[in-house]
Amino acid sequence: MDNKKIPNNSGDPKMNMPRFNMNWIYAIAIVALALLYLSSGGPSNSSVAKQATYSEFKAMVNRGYASKIIVNKGQGTLRMYVKPEHIRDVFHQGTQQTGNEPYIEVEFGSVDQVESFIEEAKTAKTFTGQYSYENRRDNEMFNMLLYNVLPFVFIIGLMMFFMRRMGGGVGGNSVFSVGKSKAKMYEKGGELGITFKDVAGQAGAKQEIQEIVEFLKNPQKYTDLGGKIPKGALLVGPPGTGKTLLAKAVAGEAGVPFFSMSGSDFVEMFVGVGASRVRDLFQQAKAKSPCIIFIDEIDAVGRARSRNPAMGGNDERENTLNALLTEMDGFGTNSGVIILAATNRADMLDSALLRAGRFDRQIHVDLPDLNERKEVFMVHLKPLKIDETVDIDFLARQTPGFSGADIANVCNEAALIAARHNSKKVGKQDFLDAVDRIIGGLEKKTKVMTEKEKRSIAIHEAGHATISWFTEFADPLVKVSIVPRGQALGAAWYLPEERVLQTKDAMLDEMCSLLGGRAAEELFIGTISTGAMNDLERTTKQAYGMIAYAGMSEKLPNICYYSNQEYQFQRPYSETTAKIMDDEVLRMINEQYERAKRILTEHKEGHAQLAQLLVDREVIFAEDVEKIFGKRPWTSRAEELLEAQMKADAERMAEERAKELEAKTEKEVEKEAPSESSE
């Protein structure tokens, strides 16, 4: 932008001048005092001084070393400047170290004695230089102030200078603005460049979030009917499902000021800072209303308050929470300010924070299902160069339980793998390798195993595959591998059924499948190994969950001992009940272990073929298992949905093909019609 002359009221042109700043005055004063301190009284600091006795002084003068002598009567001292050719004789250094005019300083008793000595030296021609007097007694007080007080004045002035600079910092990054809010404000949500079009899946969550945008855009539509605009909405869901992305989309769509900060921004080591920042945030928001406040990871400050703060509670965090509760729905009014918050630990939030009037709505942002995963893949595949082998439906089926962030990671990993192989486009195999990389870890091709270890791992993984094939509610098998990945020596991939409720039979079948590897080792190797450690850990946790939380035990039916009290140091059950739980867990696991051994014994020939195929090929798929055991006796809900989806896709493609042929035929008829009429 060009600087232009701006006319004042008198009509004369007025130039744009820089703003006056007191910091320049402070800086000039400090520099002036420093120069005065360095140059006040006495010789230049570039020369070296040396103390000497009066006898040494007389000897140096008699040798002809003196070039100039200055006597200070007031202080009773004199300075003898040394000739350049004799500097090394006196100081044992060159002129580079001592300066051009080094001198020695001598205390004397009587001025008359010095004068008579100088007269004798001049007569003897050992001293032919200048001899003068000076009296600095009048400057002693000034010098004392300069040498003793000025350093402190300089330091204090420097501190004031920096403190003023820090206090005037932008964004509250100063000592004096520690209680100010750290929220980032976007005047226009479009600055983020994210709208609801960028959020794939989550149709239910988007619908509720879109209503908040409508409240802000057209509040009269709702207030005319006597309704009140909701004060807050809490986004709850697992990590990576898009809670923060939804909040950014709200900012992009609403077109109102948007304040964004994290729950940890309220937490500080200073007492009272968190509550001060909460008050400052809402004060800024009220000034900009209507607006949106978004607090990410609100569990950092909104955790449930303890009944006994002395037993591990954090008073500062609780004070911050109290300030937040008061600002959200206290004695004052907050018209036009809507609070959005996100957390993946809603069970740990304080009940006062979750009540109606503060967070009127809880919007659950769950893991995407099959169709939603397709939409997420379509969003993240846009910037990638993919070839014709990539099937989005197939990728969505291969990533059950993946969040939006996981799917984005899969697409990125696939692109990296394709670039590593010097491919021009990302193919289907690159995506499969990326899924394996994320689920199982990096493939360890350099890990050396003996034939005995390899066969033991193959028998273990074949045990999992066999049990899952012959149990009704076990997840359908996708592939089995004995290639080491991450911490695992082998792995089996399944296509889990996306159930809303888990039945006891389904959980027992899953437990039996997990124990199939250890059972196969005992039956077909004759010994057990540490390879089943992860399986046993998952089995034990699942058994305790079924008994202690789900009430699925025969001796402790219909009882749940779950407690979400953070500072509860006592178990909600007795030692006798704990013993019953341990016995029930042991009985349940042993029953499924014996069941796994029975199934493996019945199908030991097929298991042996499967294990040998694993040893030979290292990776096998569900088609190979089906060739050995035949078609799976049970069809899971996931497989039924998959078959129905494939059938619907085939019918849709057939209809589209028929429409294309019909349109093509009509065009051909239209082209032939004029030629017939012309004949």
# chains A, B, ... in the order shown; residues from 1 in each chain; ligands from 1

call {"tool": "residues_around", "arguments": {"residues": "range 434-441 of chain A", "least_positions_apart": "4", "cutoff": "12 Å", "atoms": "only C-alpha atoms", "output": "PyMOL selection string"}}
result
chain A and resi 395-402+405-418+426-430+478-494

call {"tool": "residues_around", "arguments": {"residues": "range 585-587 of chain A", "least_positions_apart": "5", "cutoff": "10 Å", "atoms": "only C-alpha atoms", "output": "list in words"}}
result
Thr539, Thr540, Lys541, Gln542, Ala543, Tyr544, Gly545, Met546, Ile547, Ala548, Ser553, Lys579, Ile580, Gln592 and Tyr593 of chain A

call {"tool": "closest_residue", "arguments": {"among": "A:Leu246, A:Val337, A:Ala254, A:Lys286", "to": "Ile229 in chain A", "atoms": "only C-alpha atoms"}}
result
A:Val337

call {"tool": "closest_residue", "arguments": {"among": "A:Gly302, A:Gly252, A:Gly336, A:Gly226", "to": "Pro290 in chain A", "atoms": "only C-alpha atoms"}}
result
A:Gly336
